[in-house]
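The data block below is run12.txt; it holds compact mmCIF, C-alpha atoms (C1' of nucleotides).
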# COMPACT_ATOMS: atom_id res chain seq x y z
CA MET A 23 -48.82 -190.22 215.44
CA ARG A 24 -47.78 -187.06 213.64
CA GLU A 25 -45.39 -187.65 210.81
CA HIS A 26 -42.01 -186.01 210.99
CA ARG A 27 -39.96 -185.44 207.91
CA THR A 28 -36.89 -184.34 209.83
CA PRO A 29 -34.88 -186.38 212.25
CA GLY A 30 -34.42 -185.32 215.84
CA ARG A 31 -36.86 -184.40 218.51
CA PRO A 32 -39.82 -182.49 217.12
CA ARG A 33 -40.44 -178.97 218.34
CA GLY A 34 -42.96 -178.95 221.10
CA PHE A 35 -44.60 -175.64 220.28
CA ASP A 36 -46.07 -173.84 217.31
CA ILE A 37 -43.39 -171.50 216.09
CA GLU A 38 -45.81 -169.11 214.45
CA ALA A 39 -48.34 -169.00 217.26
CA THR A 40 -45.55 -168.35 219.72
CA LEU A 41 -44.27 -165.57 217.50
CA ASP A 42 -47.68 -164.01 217.82
CA VAL A 43 -47.25 -163.94 221.57
CA ILE A 44 -43.86 -162.31 221.21
CA LYS A 45 -45.31 -159.85 218.72
CA ALA A 46 -47.99 -158.85 221.19
CA LEU A 47 -45.39 -158.10 223.84
CA PHE A 48 -43.13 -155.98 221.65
CA TRP A 49 -46.10 -154.28 220.07
CA GLU A 50 -47.46 -153.16 223.39
CA ARG A 51 -44.30 -152.31 225.26
CA GLY A 52 -41.53 -151.78 222.74
CA PHE A 53 -38.15 -153.39 222.43
CA GLU A 54 -36.29 -152.44 225.57
CA ALA A 55 -39.21 -152.74 227.95
CA VAL A 56 -39.65 -156.41 227.15
CA SER A 57 -37.16 -158.74 228.75
CA LEU A 58 -36.39 -162.29 227.76
CA ALA A 59 -37.84 -163.33 231.08
CA ASP A 60 -41.09 -161.64 230.05
CA ILE A 61 -41.09 -163.51 226.77
CA ALA A 62 -40.31 -166.79 228.48
CA ALA A 63 -43.13 -166.24 230.95
CA ALA A 64 -45.64 -165.24 228.28
CA THR A 65 -44.80 -168.10 225.96
CA GLY A 66 -44.24 -170.73 228.61
CA LEU A 67 -40.89 -171.58 227.03
CA ARG A 68 -37.37 -171.43 228.38
CA LYS A 69 -34.85 -168.99 227.08
CA GLY A 70 -32.82 -171.71 225.42
CA SER A 71 -35.73 -172.79 223.25
CA LEU A 72 -36.45 -169.21 222.29
CA TYR A 73 -32.89 -168.55 221.25
CA ALA A 74 -32.74 -171.76 219.28
CA ALA A 75 -35.98 -170.99 217.48
CA TYR A 76 -35.67 -167.28 216.77
CA GLY A 77 -32.16 -166.08 217.55
CA ASP A 78 -31.32 -163.29 219.93
CA LYS A 79 -33.65 -160.59 221.21
CA GLN A 80 -33.15 -158.30 218.26
CA ALA A 81 -33.92 -161.13 215.85
CA MET A 82 -37.08 -161.91 217.82
CA TYR A 83 -38.15 -158.30 217.55
CA LEU A 84 -37.45 -158.22 213.84
CA LYS A 85 -39.40 -161.41 213.27
CA ALA A 86 -42.28 -160.12 215.35
CA LEU A 87 -42.31 -156.86 213.43
CA ALA A 88 -42.14 -158.67 210.11
CA ARG A 89 -45.02 -160.85 211.21
CA TYR A 90 -47.03 -157.75 212.02
CA GLU A 91 -46.24 -156.44 208.60
CA ALA A 92 -47.28 -159.71 206.99
CA GLY A 93 -50.37 -160.00 209.19
CA GLU A 94 -52.02 -156.84 210.40
CA VAL A 95 -50.64 -154.62 207.66
CA ALA A 96 -51.51 -157.12 204.97
CA ALA A 97 -55.03 -157.34 206.37
CA THR A 98 -55.37 -153.57 206.27
CA ILE A 99 -54.23 -153.61 202.68
CA ALA A 100 -56.62 -156.41 201.83
CA ALA A 101 -59.45 -154.38 203.31
CA LEU A 102 -58.41 -151.47 201.14
CA GLN A 103 -58.57 -153.67 198.07
CA GLY A 104 -61.51 -155.65 199.14
CA PRO A 105 -65.10 -155.30 198.38
CA GLY A 106 -67.15 -152.20 198.88
CA GLU A 107 -67.21 -148.68 197.58
CA PRO A 108 -63.76 -147.13 197.19
CA ARG A 109 -64.69 -144.16 199.31
CA ALA A 110 -66.09 -146.38 202.05
CA ARG A 111 -62.88 -148.38 202.07
CA LEU A 112 -60.81 -145.27 202.61
CA GLN A 113 -63.22 -144.25 205.31
CA ALA A 114 -62.74 -147.57 207.03
CA PHE A 115 -58.98 -147.25 206.63
CA LEU A 116 -58.88 -143.98 208.50
CA ASP A 117 -61.54 -144.98 210.95
CA GLY A 118 -59.66 -148.11 211.95
CA PRO A 119 -57.19 -146.36 214.24
CA ILE A 120 -59.99 -144.54 216.03
CA ARG A 121 -62.20 -147.56 216.43
CA ALA A 122 -59.32 -149.69 217.63
CA ALA A 123 -58.34 -147.24 220.31
CA TYR A 124 -61.70 -145.98 221.52
CA ASP A 125 -64.14 -148.78 220.77
CA ALA A 126 -62.03 -151.89 220.96
CA GLY A 127 -59.94 -150.47 223.78
CA ASP A 128 -56.76 -151.42 222.01
CA GLY A 129 -54.28 -148.76 223.04
CA ARG A 130 -51.29 -150.31 221.36
CA GLY A 131 -51.58 -148.28 218.21
CA CYS A 132 -49.63 -149.32 215.15
CA PHE A 133 -46.59 -151.52 215.60
CA LEU A 134 -44.95 -149.90 212.60
CA CYS A 135 -45.36 -146.47 214.17
CA ASN A 136 -44.10 -147.68 217.50
CA ALA A 137 -41.13 -149.33 215.87
CA ALA A 138 -40.36 -146.12 214.02
CA ALA A 139 -40.20 -144.25 217.30
CA ASP A 140 -38.52 -147.05 219.18
CA ARG A 141 -36.04 -148.83 216.96
CA ALA A 142 -35.70 -147.12 213.60
CA LEU A 143 -32.75 -145.06 214.72
CA VAL A 144 -30.73 -147.97 216.08
CA ASP A 145 -31.89 -150.86 213.93
CA PRO A 146 -31.78 -150.36 210.16
CA ASP A 147 -33.53 -153.68 209.59
CA ALA A 148 -36.45 -152.57 211.70
CA ALA A 149 -36.54 -149.27 209.87
CA ALA A 150 -36.62 -151.12 206.56
CA ILE A 151 -39.61 -153.21 207.63
CA VAL A 152 -41.40 -150.08 208.79
CA ARG A 153 -40.76 -148.35 205.49
CA ALA A 154 -41.84 -151.38 203.51
CA GLY A 155 -45.09 -151.58 205.44
CA PHE A 156 -45.94 -147.95 204.94
CA GLU A 157 -44.97 -148.07 201.29
CA ARG A 158 -47.24 -151.01 200.69
CA MET A 159 -50.04 -149.14 202.38
CA GLU A 160 -49.38 -146.13 200.20
CA GLN A 161 -49.55 -148.18 197.06
CA ALA A 162 -52.80 -149.75 198.14
CA VAL A 163 -54.32 -146.39 198.95
CA ALA A 164 -53.11 -144.99 195.65
CA ALA A 165 -54.92 -147.78 193.86
CA VAL A 166 -58.11 -146.91 195.69
CA ALA A 167 -57.64 -143.25 194.82
CA ALA A 168 -57.35 -144.24 191.17
CA GLU A 169 -60.56 -146.19 191.51
CA LEU A 170 -62.19 -143.16 193.01
CA ASP A 171 -61.27 -141.01 190.06
CA PRO A 172 -59.81 -142.87 187.10
CA ALA A 173 -58.82 -139.58 185.53
CA LEU A 174 -56.35 -138.97 188.33
CA SER A 175 -52.72 -138.81 187.32
CA PRO A 176 -50.49 -141.39 188.99
CA GLU A 177 -48.64 -138.58 190.72
CA THR A 178 -51.82 -137.16 192.17
CA ALA A 179 -52.96 -140.58 193.26
CA ALA A 180 -49.63 -141.09 194.97
CA ALA A 181 -49.95 -137.73 196.68
CA VAL A 182 -53.42 -138.57 197.93
CA ALA A 183 -52.06 -141.86 199.20
CA ALA A 184 -49.17 -140.19 200.98
CA ALA A 185 -51.58 -137.81 202.68
CA CYS A 186 -53.83 -140.65 203.79
CA VAL A 187 -51.02 -142.78 205.14
CA THR A 188 -49.50 -139.80 206.93
CA ALA A 189 -52.85 -139.11 208.52
CA TYR A 190 -53.15 -142.78 209.39
CA ALA A 191 -49.81 -142.71 211.18
CA GLY A 192 -50.71 -139.50 212.95
CA LEU A 193 -54.02 -140.91 214.12
CA ARG A 194 -52.30 -144.01 215.41
CA VAL A 195 -49.81 -142.03 217.42
CA LEU A 196 -52.29 -139.55 218.81
CA ALA A 197 -54.63 -142.37 219.74
CA ARG A 198 -51.90 -143.99 221.75
CA ALA A 199 -51.70 -140.85 223.85
CA GLU A 200 -55.49 -140.91 224.20
CA MET A 201 -56.09 -137.58 222.57
CA ALA A 202 -59.69 -136.39 222.51
CA ARG A 203 -61.65 -138.63 220.20
CA ALA A 204 -63.51 -135.73 218.67
CA SER A 205 -60.23 -134.25 217.55
CA LEU A 206 -59.16 -137.39 215.78
CA GLU A 207 -62.54 -137.78 214.16
CA ALA A 208 -62.38 -134.23 212.90
CA ALA A 209 -58.97 -134.89 211.40
CA ARG A 210 -60.23 -138.08 209.79
CA ASP A 211 -63.21 -136.29 208.29
CA ARG A 212 -61.13 -133.47 206.88
CA VAL A 213 -58.88 -135.92 205.10
CA LEU A 214 -61.85 -137.80 203.72
CA ALA A 215 -63.50 -134.57 202.61
CA ALA A 216 -60.38 -133.60 200.68
CA LEU A 217 -60.50 -136.80 198.66
CA PRO A 218 -60.85 -136.45 194.90
CA GLY A 219 -63.85 -137.62 192.95
CA MET B 19 -18.34 -114.23 244.57
CA ARG B 20 -21.78 -115.33 243.55
CA GLU B 21 -24.44 -114.54 246.08
CA HIS B 22 -26.38 -117.42 247.51
CA ARG B 23 -29.76 -116.88 249.04
CA THR B 24 -30.01 -120.39 250.36
CA PRO B 25 -27.78 -121.99 252.94
CA GLY B 26 -25.80 -125.08 252.20
CA ARG B 27 -23.40 -125.96 249.46
CA PRO B 28 -24.42 -124.43 246.15
CA ARG B 29 -25.22 -126.74 243.30
CA GLY B 30 -22.23 -127.13 241.07
CA PHE B 31 -24.10 -127.42 237.81
CA ASP B 32 -26.84 -125.65 235.91
CA ILE B 33 -29.96 -127.60 236.60
CA GLU B 34 -31.73 -126.47 233.42
CA ALA B 35 -28.79 -126.91 231.10
CA THR B 36 -28.24 -130.37 232.47
CA LEU B 37 -31.89 -131.15 231.96
CA ASP B 38 -31.35 -130.28 228.33
CA VAL B 39 -28.69 -132.95 228.13
CA ILE B 40 -31.03 -135.48 229.72
CA LYS B 41 -33.77 -134.39 227.35
CA ALA B 42 -31.55 -135.01 224.37
CA LEU B 43 -30.84 -138.54 225.52
CA PHE B 44 -34.45 -139.53 226.15
CA TRP B 45 -35.58 -137.78 223.01
CA GLU B 46 -33.22 -139.72 220.85
CA ARG B 47 -33.33 -143.13 222.48
CA GLY B 48 -36.49 -143.36 224.54
CA PHE B 49 -36.97 -144.18 228.18
CA GLU B 50 -35.74 -147.73 228.59
CA ALA B 51 -32.80 -147.47 226.26
CA VAL B 52 -31.21 -144.74 228.38
CA SER B 53 -29.54 -145.91 231.56
CA LEU B 54 -28.59 -143.82 234.54
CA ALA B 55 -25.00 -144.58 233.70
CA ASP B 56 -25.60 -143.01 230.28
CA ILE B 57 -27.07 -139.93 231.89
CA ALA B 58 -24.23 -139.71 234.38
CA ALA B 59 -21.68 -139.99 231.57
CA ALA B 60 -23.40 -137.42 229.37
CA THR B 61 -23.86 -134.89 232.13
CA GLY B 62 -20.59 -135.50 233.92
CA LEU B 63 -22.48 -135.91 237.18
CA ARG B 64 -22.77 -138.82 239.60
CA LYS B 65 -25.94 -140.69 240.06
CA GLY B 66 -26.39 -139.32 243.57
CA SER B 67 -26.46 -135.74 242.32
CA LEU B 68 -28.91 -136.65 239.61
CA TYR B 69 -31.28 -138.36 241.99
CA ALA B 70 -31.07 -135.47 244.42
CA ALA B 71 -31.75 -132.92 241.72
CA TYR B 72 -34.44 -134.61 239.66
CA GLY B 73 -35.71 -137.68 241.45
CA ASP B 74 -35.72 -141.15 240.00
CA LYS B 75 -35.44 -142.10 236.36
CA GLN B 76 -39.12 -141.71 235.64
CA ALA B 77 -39.13 -138.24 237.17
CA MET B 78 -36.13 -137.34 235.04
CA TYR B 79 -37.95 -138.46 231.94
CA LEU B 80 -41.05 -136.53 232.90
CA LYS B 81 -39.06 -133.37 233.53
CA ALA B 82 -37.21 -133.79 230.26
CA LEU B 83 -40.47 -134.28 228.40
CA ALA B 84 -42.04 -131.28 230.12
CA ARG B 85 -39.01 -129.23 229.19
CA TYR B 86 -39.43 -130.26 225.56
CA GLU B 87 -43.03 -129.21 225.77
CA ALA B 88 -42.08 -125.88 227.29
CA GLY B 89 -39.19 -125.41 224.85
CA GLU B 90 -39.46 -126.93 221.42
CA VAL B 91 -43.24 -127.12 221.40
CA ALA B 92 -43.61 -123.60 222.69
CA ALA B 93 -41.21 -122.40 219.98
CA THR B 94 -43.26 -124.14 217.33
CA ILE B 95 -46.35 -122.47 218.68
CA ALA B 96 -44.65 -119.09 218.77
CA ALA B 97 -43.69 -119.54 215.13
CA LEU B 98 -47.31 -120.32 214.34
CA GLN B 99 -48.42 -117.12 215.99
CA GLY B 100 -46.40 -114.84 213.93
CA PRO B 101 -45.00 -112.95 212.19
CA GLY B 102 -45.63 -113.59 208.53
CA GLU B 103 -48.50 -114.61 206.35
CA PRO B 104 -50.85 -117.11 208.02
CA ARG B 105 -50.58 -119.52 205.15
CA ALA B 106 -46.81 -119.30 205.15
CA ARG B 107 -46.78 -120.05 208.86
CA LEU B 108 -48.79 -123.21 208.35
CA GLN B 109 -46.49 -124.13 205.53
CA ALA B 110 -43.52 -123.74 207.81
CA PHE B 111 -45.28 -125.73 210.50
CA LEU B 112 -45.72 -128.73 208.24
CA ASP B 113 -42.39 -128.27 206.54
CA GLY B 114 -40.54 -128.29 209.85
CA PRO B 115 -40.60 -132.06 210.30
CA ILE B 116 -39.32 -132.62 206.78
CA ARG B 117 -36.59 -130.03 207.00
CA ALA B 118 -35.47 -131.28 210.38
CA ALA B 119 -35.14 -134.85 209.20
CA TYR B 120 -33.77 -134.41 205.71
CA ASP B 121 -31.95 -131.09 205.74
CA ALA B 122 -30.80 -130.74 209.31
CA GLY B 123 -30.17 -134.47 209.61
CA ASP B 124 -32.06 -134.60 212.87
CA GLY B 125 -33.62 -138.04 212.90
CA ARG B 126 -35.04 -137.82 216.39
CA GLY B 127 -38.46 -136.72 215.26
CA CYS B 128 -40.86 -135.29 217.80
CA PHE B 129 -40.32 -136.11 221.45
CA LEU B 130 -44.06 -135.97 222.04
CA CYS B 131 -44.65 -138.57 219.35
CA ASN B 132 -41.86 -140.75 220.64
CA ALA B 133 -43.20 -140.48 224.16
CA ALA B 134 -46.65 -141.44 222.94
CA ALA B 135 -45.25 -144.61 221.44
CA ASP B 136 -42.84 -145.25 224.25
CA ARG B 137 -44.37 -144.27 227.56
CA ALA B 138 -47.99 -143.23 227.15
CA LEU B 139 -49.30 -146.70 227.94
CA VAL B 140 -47.33 -147.12 231.15
CA ASP B 141 -46.96 -143.57 232.40
CA PRO B 142 -50.13 -141.50 232.64
CA ASP B 143 -48.14 -138.40 233.51
CA ALA B 144 -46.16 -138.70 230.32
CA ALA B 145 -49.36 -139.23 228.37
CA ALA B 146 -50.80 -136.10 229.91
CA ILE B 147 -47.82 -134.02 228.86
CA VAL B 148 -48.06 -135.41 225.35
CA ARG B 149 -51.75 -134.57 225.15
CA ALA B 150 -51.20 -131.10 226.53
CA GLY B 151 -48.51 -130.42 223.96
CA PHE B 152 -50.61 -131.54 221.04
CA GLU B 153 -53.64 -129.69 222.32
CA ARG B 154 -51.68 -126.49 222.57
CA MET B 155 -50.50 -127.00 219.03
CA GLU B 156 -54.04 -127.58 217.89
CA GLN B 157 -55.23 -124.38 219.47
CA ALA B 158 -52.42 -122.42 217.89
CA VAL B 159 -53.16 -123.88 214.46
CA ALA B 160 -56.86 -123.19 214.92
CA ALA B 161 -56.04 -119.56 215.57
CA VAL B 162 -54.05 -119.40 212.35
CA ALA B 163 -56.90 -121.03 210.48
CA ALA B 164 -59.21 -118.35 211.81
CA GLU B 165 -56.78 -115.74 210.59
CA LEU B 166 -56.77 -117.40 207.22
CA ASP B 167 -60.50 -117.18 206.92
CA PRO B 168 -62.21 -115.10 209.60
CA ALA B 169 -65.57 -116.40 208.45
CA LEU B 170 -64.63 -119.88 209.56
CA SER B 171 -66.73 -121.34 212.33
CA PRO B 172 -64.78 -122.29 215.45
CA GLU B 173 -65.68 -125.90 214.84
CA THR B 174 -64.29 -125.83 211.33
CA ALA B 175 -61.17 -124.08 212.51
CA ALA B 176 -60.73 -126.75 215.14
CA ALA B 177 -61.20 -129.45 212.53
CA VAL B 178 -58.59 -127.86 210.28
CA ALA B 179 -56.26 -127.70 213.25
CA ALA B 180 -56.84 -131.33 214.13
CA ALA B 181 -56.04 -132.34 210.58
CA CYS B 182 -52.86 -130.28 210.54
CA VAL B 183 -51.61 -131.59 213.86
CA THR B 184 -52.42 -135.15 212.87
CA ALA B 185 -50.46 -134.66 209.69
CA TYR B 186 -47.65 -133.13 211.70
CA ALA B 187 -47.48 -136.17 213.96
CA GLY B 188 -47.62 -138.50 210.99
CA LEU B 189 -44.81 -136.65 209.24
CA ARG B 190 -42.70 -136.80 212.35
CA VAL B 191 -43.15 -140.52 212.71
CA LEU B 192 -42.61 -141.33 209.06
CA ALA B 193 -39.56 -139.13 208.97
CA ARG B 194 -38.06 -141.10 211.83
CA ALA B 195 -38.27 -144.19 209.68
CA GLU B 196 -36.68 -142.27 206.81
CA MET B 197 -39.57 -142.66 204.43
CA ALA B 198 -39.04 -141.26 200.97
CA ARG B 199 -38.87 -137.50 201.21
CA ALA B 200 -41.02 -137.02 198.14
CA SER B 201 -43.79 -138.91 199.83
CA LEU B 202 -43.77 -136.71 202.89
CA GLU B 203 -43.62 -133.59 200.77
CA ALA B 204 -46.60 -134.75 198.78
CA ALA B 205 -48.54 -135.34 201.98
CA ARG B 206 -47.56 -131.92 203.28
CA ASP B 207 -48.66 -130.24 200.06
CA ARG B 208 -52.02 -132.02 200.02
CA VAL B 209 -52.77 -130.81 203.52
CA LEU B 210 -51.76 -127.28 202.66
CA ALA B 211 -53.82 -127.36 199.49
CA ALA B 212 -56.89 -128.38 201.46
CA LEU B 213 -56.60 -125.33 203.69
CA PRO B 214 -59.52 -122.91 203.67
CA GLY B 215 -59.33 -119.35 202.45
C1' DG C 30 -32.25 -201.99 218.75
C1' DG C 31 -28.69 -198.49 218.06
C1' DA C 32 -26.52 -194.34 216.03
C1' DA C 33 -27.50 -189.76 214.72
C1' DT C 34 -29.91 -185.63 215.13
C1' DT C 35 -32.63 -182.10 217.11
C1' DG C 36 -35.40 -179.96 220.80
C1' DA C 37 -35.99 -179.00 225.88
C1' DT C 38 -34.38 -178.02 230.46
C1' DG C 39 -32.24 -175.85 234.22
C1' DA C 40 -28.16 -174.30 236.01
C1' DC C 41 -24.93 -170.84 235.27
C1' DC C 42 -22.50 -166.32 234.11
C1' DA C 43 -20.54 -161.67 233.64
C1' DA C 44 -22.26 -157.38 233.10
C1' DA C 45 -25.41 -153.89 233.74
C1' DT C 46 -29.41 -152.09 236.03
C1' DG C 47 -31.84 -148.61 239.21
C1' DG C 48 -31.23 -147.13 243.53
C1' DA C 49 -29.47 -146.18 248.57
C1' DC C 50 -26.18 -144.36 251.75
C1' DA C 51 -22.47 -142.58 254.70
C1' DA C 52 -18.82 -139.46 254.62
C1' DG C 53 -16.92 -135.27 253.12
C1' DA C 54 -17.10 -130.56 250.90
C1' DA C 55 -18.96 -125.92 250.31
C1' DC C 56 -21.78 -122.65 251.51
C1' DT C 57 -24.98 -119.32 255.04
C1' DG C 58 -26.12 -117.30 259.27
C1' DG C 59 -24.81 -116.34 263.86
C1' DC D 12 -15.21 -120.20 264.63
C1' DC D 13 -19.25 -122.93 264.97
C1' DA D 14 -23.58 -124.96 263.92
C1' DG D 15 -26.85 -125.92 260.30
C1' DT D 16 -27.82 -126.97 255.65
C1' DT D 17 -27.19 -128.67 251.13
C1' DC D 18 -24.62 -130.71 247.54
C1' DT D 19 -21.02 -134.14 245.93
C1' DT D 20 -18.59 -138.30 245.84
C1' DG D 21 -17.59 -143.04 246.01
C1' DT D 22 -19.08 -147.23 247.52
C1' DC D 23 -22.22 -150.62 248.01
C1' DC D 24 -26.28 -153.58 246.95
C1' DA D 25 -29.90 -156.71 245.39
C1' DT D 26 -31.94 -157.62 241.21
C1' DT D 27 -32.27 -158.11 236.48
C1' DT D 28 -30.30 -158.29 232.11
C1' DG D 29 -29.17 -160.95 227.65
C1' DG D 30 -27.00 -164.96 226.65
C1' DT D 31 -24.49 -169.74 227.01
C1' DC D 32 -23.92 -174.55 227.92
C1' DA D 33 -23.94 -179.37 229.34
C1' DT D 34 -27.27 -182.70 229.98
C1' DC D 35 -31.37 -185.04 229.02
C1' DA D 36 -35.44 -186.38 226.07
C1' DA D 37 -37.71 -187.52 221.76
C1' DT D 38 -37.65 -188.61 217.28
C1' DT D 39 -35.76 -190.62 212.41
C1' DC D 40 -32.94 -193.53 209.74
C1' DC D 41 -30.69 -197.78 209.18

Structure translated into structure tokens:
Amino acid sequence: MREHRTPGRPRGFDIEATLDVIKALFWERGFEAVSLADIAAATGLRKGSLYAAYGDKQAMYLKALARYEAGEVAATIAALQGPGEPRARLQAFLDGPIRAAYDAGDGRGCFLCNAAADRALVDPDAAAIVRAGFERMEQAVAAVAAELDPALSPETAAAVAAACVTAYAGLRVLARAEMARASLEAARDRVLAALPG
Amino acid sequence: MREHRTPGRPRGFDIEATLDVIKALFWERGFEAVSLADIAAATGLRKGSLYAAYGDKQAMYLKALARYEAGEVAATIAALQGPGEPRARLQAFLDGPIRAAYDAGDGRGCFLCNAAADRALVDPDAAAIVRAGFERMEQAVAAVAAELDPALSPETAAAVAAACVTAYAGLRVLARAEMARASLEAARDRVLAALPG
DNA sequence: GGAATTGATGACCAAATGGACAAGAACTGG
DNA sequence: CCAGTTCTTGTCCATTTGGTCATCAATTCC
């Protein structure tokens, strides 16, 4: 019924949806703690299919991380750009980590942060994706800072952005260790209070 | 020659010095990426001796993490407590992560942060050590904030401390991914500029 | 319908994993 | 010297690891 453009047996699974499953595993547990058997069990596929589709374990991790960057990170950036008062958007940006951990019960934190701790030292490609993600966030925050106060110099806007993203990363990490919520909220509020405008 | 208080064959290695070696391994690579064979090779001991001295792998990790908390973290706290100008001490506190990564070439970051990303979700004991370490840091920073401005309310001092420690964690994580140094320095300076007093 | 191509399956593998254990070595106290 | 105790060593083990491969199944093109 479905039309195939390519010869050969068609793939029996959605390669992107399955990558989301893999992403969820690596995101939660990290690289080494996830075995191929885990991935096979979670996806319902055999190892052979996984290798054929994504490459070896490291390639799977990289693709999962890149998908996080293109998905979750991009969504965060879109929210920064997207409608609403600039200040409210920055508020939401820094509140996201707290809400995710304490309201939504999502203890996984930020995949970029986890990857930095987990793989950056041994996998330059992973480190590059992490950097790219954070840099894109910084640029997006800098744009919001410029909205907040158009008189801001680009350097100052960049500095504000760096401070916000650093706080974001810190909140994500501390939330993963289930630090006291009040502490994280206090940190969030101090950063927001120091915003220009 | 040496006097033994306990009967039985004396231990042939320094249990604390060896724990430092184990700590270095877990600190750099994380829990899963370090095998007992790695530990045996790095310490020069056999697995049997390691198990007898420290317990299983998880116990080794916990002891290594606790030793980091009692060593590196305590040293950081001691530096916060004096001597020197309060503001300069906070400066040094937030500059430490940057100097470690970019001047000393130590890319390991903060063991507490790594443990948060690596083990907090699966090992409540590890999470507890991480929390305890960060909380002690927060208290120490709060004390410095109070020094900075004695009129500060305890709540405000705590909020300043939370912001500083969050920034510290963020810097540590971003440094592990080798983010642009200028970016981290800008973040550091913004936090310092927002200090009371 | 038949060749060609591609995906799926399950068996298979060498190596590494965390861990257990018995035997021996080094010490203390009597 | 002898027990009692503790540490060390080497060996052993079941399981798991990441990864490969031949075989089979499903599809396209001619």

Å distance separating atom C1' of D:DT28 from atom CA of B:Gln76, one decimal place: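 Spanning atom C1' of D:DT28 to atom CA of B:Gln76 is a straight-line distance of 19.1 Å.
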
Quick check: residues of chain B within 12 Å of chain C, all atoms listed in the file, returned as a PDB file with C-alpha atoms, in the coordinates of the input.
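Below is the file that was written, out-v2.pdb:
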ATOM      1  CA  MET B  19     -18.340-114.230 244.570  1.00  0.00           C
ATOM      2  CA  ARG B  20     -21.780-115.330 243.550  1.00  0.00           C
ATOM      3  CA  GLU B  21     -24.440-114.540 246.080  1.00  0.00           C
ATOM      4  CA  HIS B  22     -26.380-117.420 247.510  1.00  0.00           C
ATOM      5  CA  ARG B  23     -29.760-116.880 249.040  1.00  0.00           C
ATOM      6  CA  THR B  24     -30.010-120.390 250.360  1.00  0.00           C
ATOM      7  CA  PRO B  25     -27.780-121.990 252.940  1.00  0.00           C
ATOM      8  CA  GLY B  26     -25.800-125.080 252.200  1.00  0.00           C
ATOM      9  CA  ARG B  27     -23.400-125.960 249.460  1.00  0.00           C
ATOM     10  CA  PRO B  28     -24.420-124.430 246.150  1.00  0.00           C
ATOM     11  CA  ARG B  29     -25.220-126.740 243.300  1.00  0.00           C
ATOM     12  CA  GLY B  30     -22.230-127.130 241.070  1.00  0.00           C
ATOM     13  CA  GLU B  50     -35.740-147.730 228.590  1.00  0.00           C
ATOM     14  CA  ALA B  51     -32.800-147.470 226.260  1.00  0.00           C
ATOM     15  CA  VAL B  52     -31.210-144.740 228.380  1.00  0.00           C
ATOM     16  CA  SER B  53     -29.540-145.910 231.560  1.00  0.00           C
ATOM     17  CA  LEU B  54     -28.590-143.820 234.540  1.00  0.00           C
ATOM     18  CA  ALA B  55     -25.000-144.580 233.700  1.00  0.00           C
ATOM     19  CA  ASP B  56     -25.600-143.010 230.280  1.00  0.00           C
ATOM     20  CA  LYS B  65     -25.940-140.690 240.060  1.00  0.00           C
ATOM     21  CA  GLY B  66     -26.390-139.320 243.570  1.00  0.00           C
ATOM     22  CA  LEU B  68     -28.910-136.650 239.610  1.00  0.00           C
ATOM     23  CA  TYR B  69     -31.280-138.360 241.990  1.00  0.00           C
ATOM     24  CA  ALA B  70     -31.070-135.470 244.420  1.00  0.00           C
ATOM     25  CA  GLY B  73     -35.710-137.680 241.450  1.00  0.00           C
ATOM     26  CA  ASP B  74     -35.720-141.150 240.000  1.00  0.00           C
ATOM     27  CA  LYS B  75     -35.440-142.100 236.360  1.00  0.00           C
ATOM     28  CA  GLN B  76     -39.120-141.710 235.640  1.00  0.00           C
TER      29      GLN B  76
END

For chain D, report every residue with an atom at most 7 Å from chain A (counting only C-alpha atoms (C1' of nucleotides)), formatted as a list in words.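 The contacting residues on chain D are DA37, DT38 and DT39 of chain D.
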
Check which residues of chain B sit at most 6 Å from chain A using only C-alpha atoms, and return one row each with the closest pair of atoms and their distance in Å to one decimal, ordered by chain and rising number, as CSV.
residue,atom,partner,partner_atom,distance
B:Glu50,CA,A:Glu54,CA,5.6
B:Asn132,CA,A:Ala139,CA,5.1
B:Ala134,CA,A:Ala199,CA,5.2
B:Ala135,CA,A:Asn136,CA,5.1
B:Ala138,CA,A:Ala199,CA,5.5
B:Ala145,CA,A:Ala199,CA,5.3
B:Arg149,CA,A:Met201,CA,5.9
B:Ala177,CA,A:Ala208,CA,4.9
B:Ala180,CA,A:Ala209,CA,5.0
B:Ala181,CA,A:Ala209,CA,4.0
B:Thr184,CA,A:Gly192,CA,4.7
B:Ala185,CA,A:Ala189,CA,5.2
B:Ala187,CA,A:Gly192,CA,4.7
B:Gly188,CA,A:Gly192,CA,3.8
B:Arg194,CA,A:Ala138,CA,5.9
B:Ala195,CA,A:Ala138,CA,5.2
B:Met197,CA,A:Arg153,CA,5.9
B:Ser201,CA,A:Ala184,CA,5.6
B:Ala204,CA,A:Ala181,CA,5.0
B:Ala205,CA,A:Ala185,CA,4.0

Atom CA of B:Lys41 to atom CA of B:Ala82, straight-line distance in Å: 4.5 Å

Rounded to one decimal place, report the atom CA of A:Met159-atom CA of A:Ile99 distance in Å.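 Result for atom CA of A:Met159 versus atom CA of A:Ile99: 6.1 Å, one decimal.
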
Under the rule that all atoms listed in the file are counted, which of A:Ala179, A:Ala46, A:Ala165, A:Ala122 is the nearest residue to A:Tyr83? A:Ala46

Option closest in space to A:Leu84, from A:Phe48, A:Ile120, A:Arg68, A:Arg203 [counting all atoms listed in the file]: A:Phe48
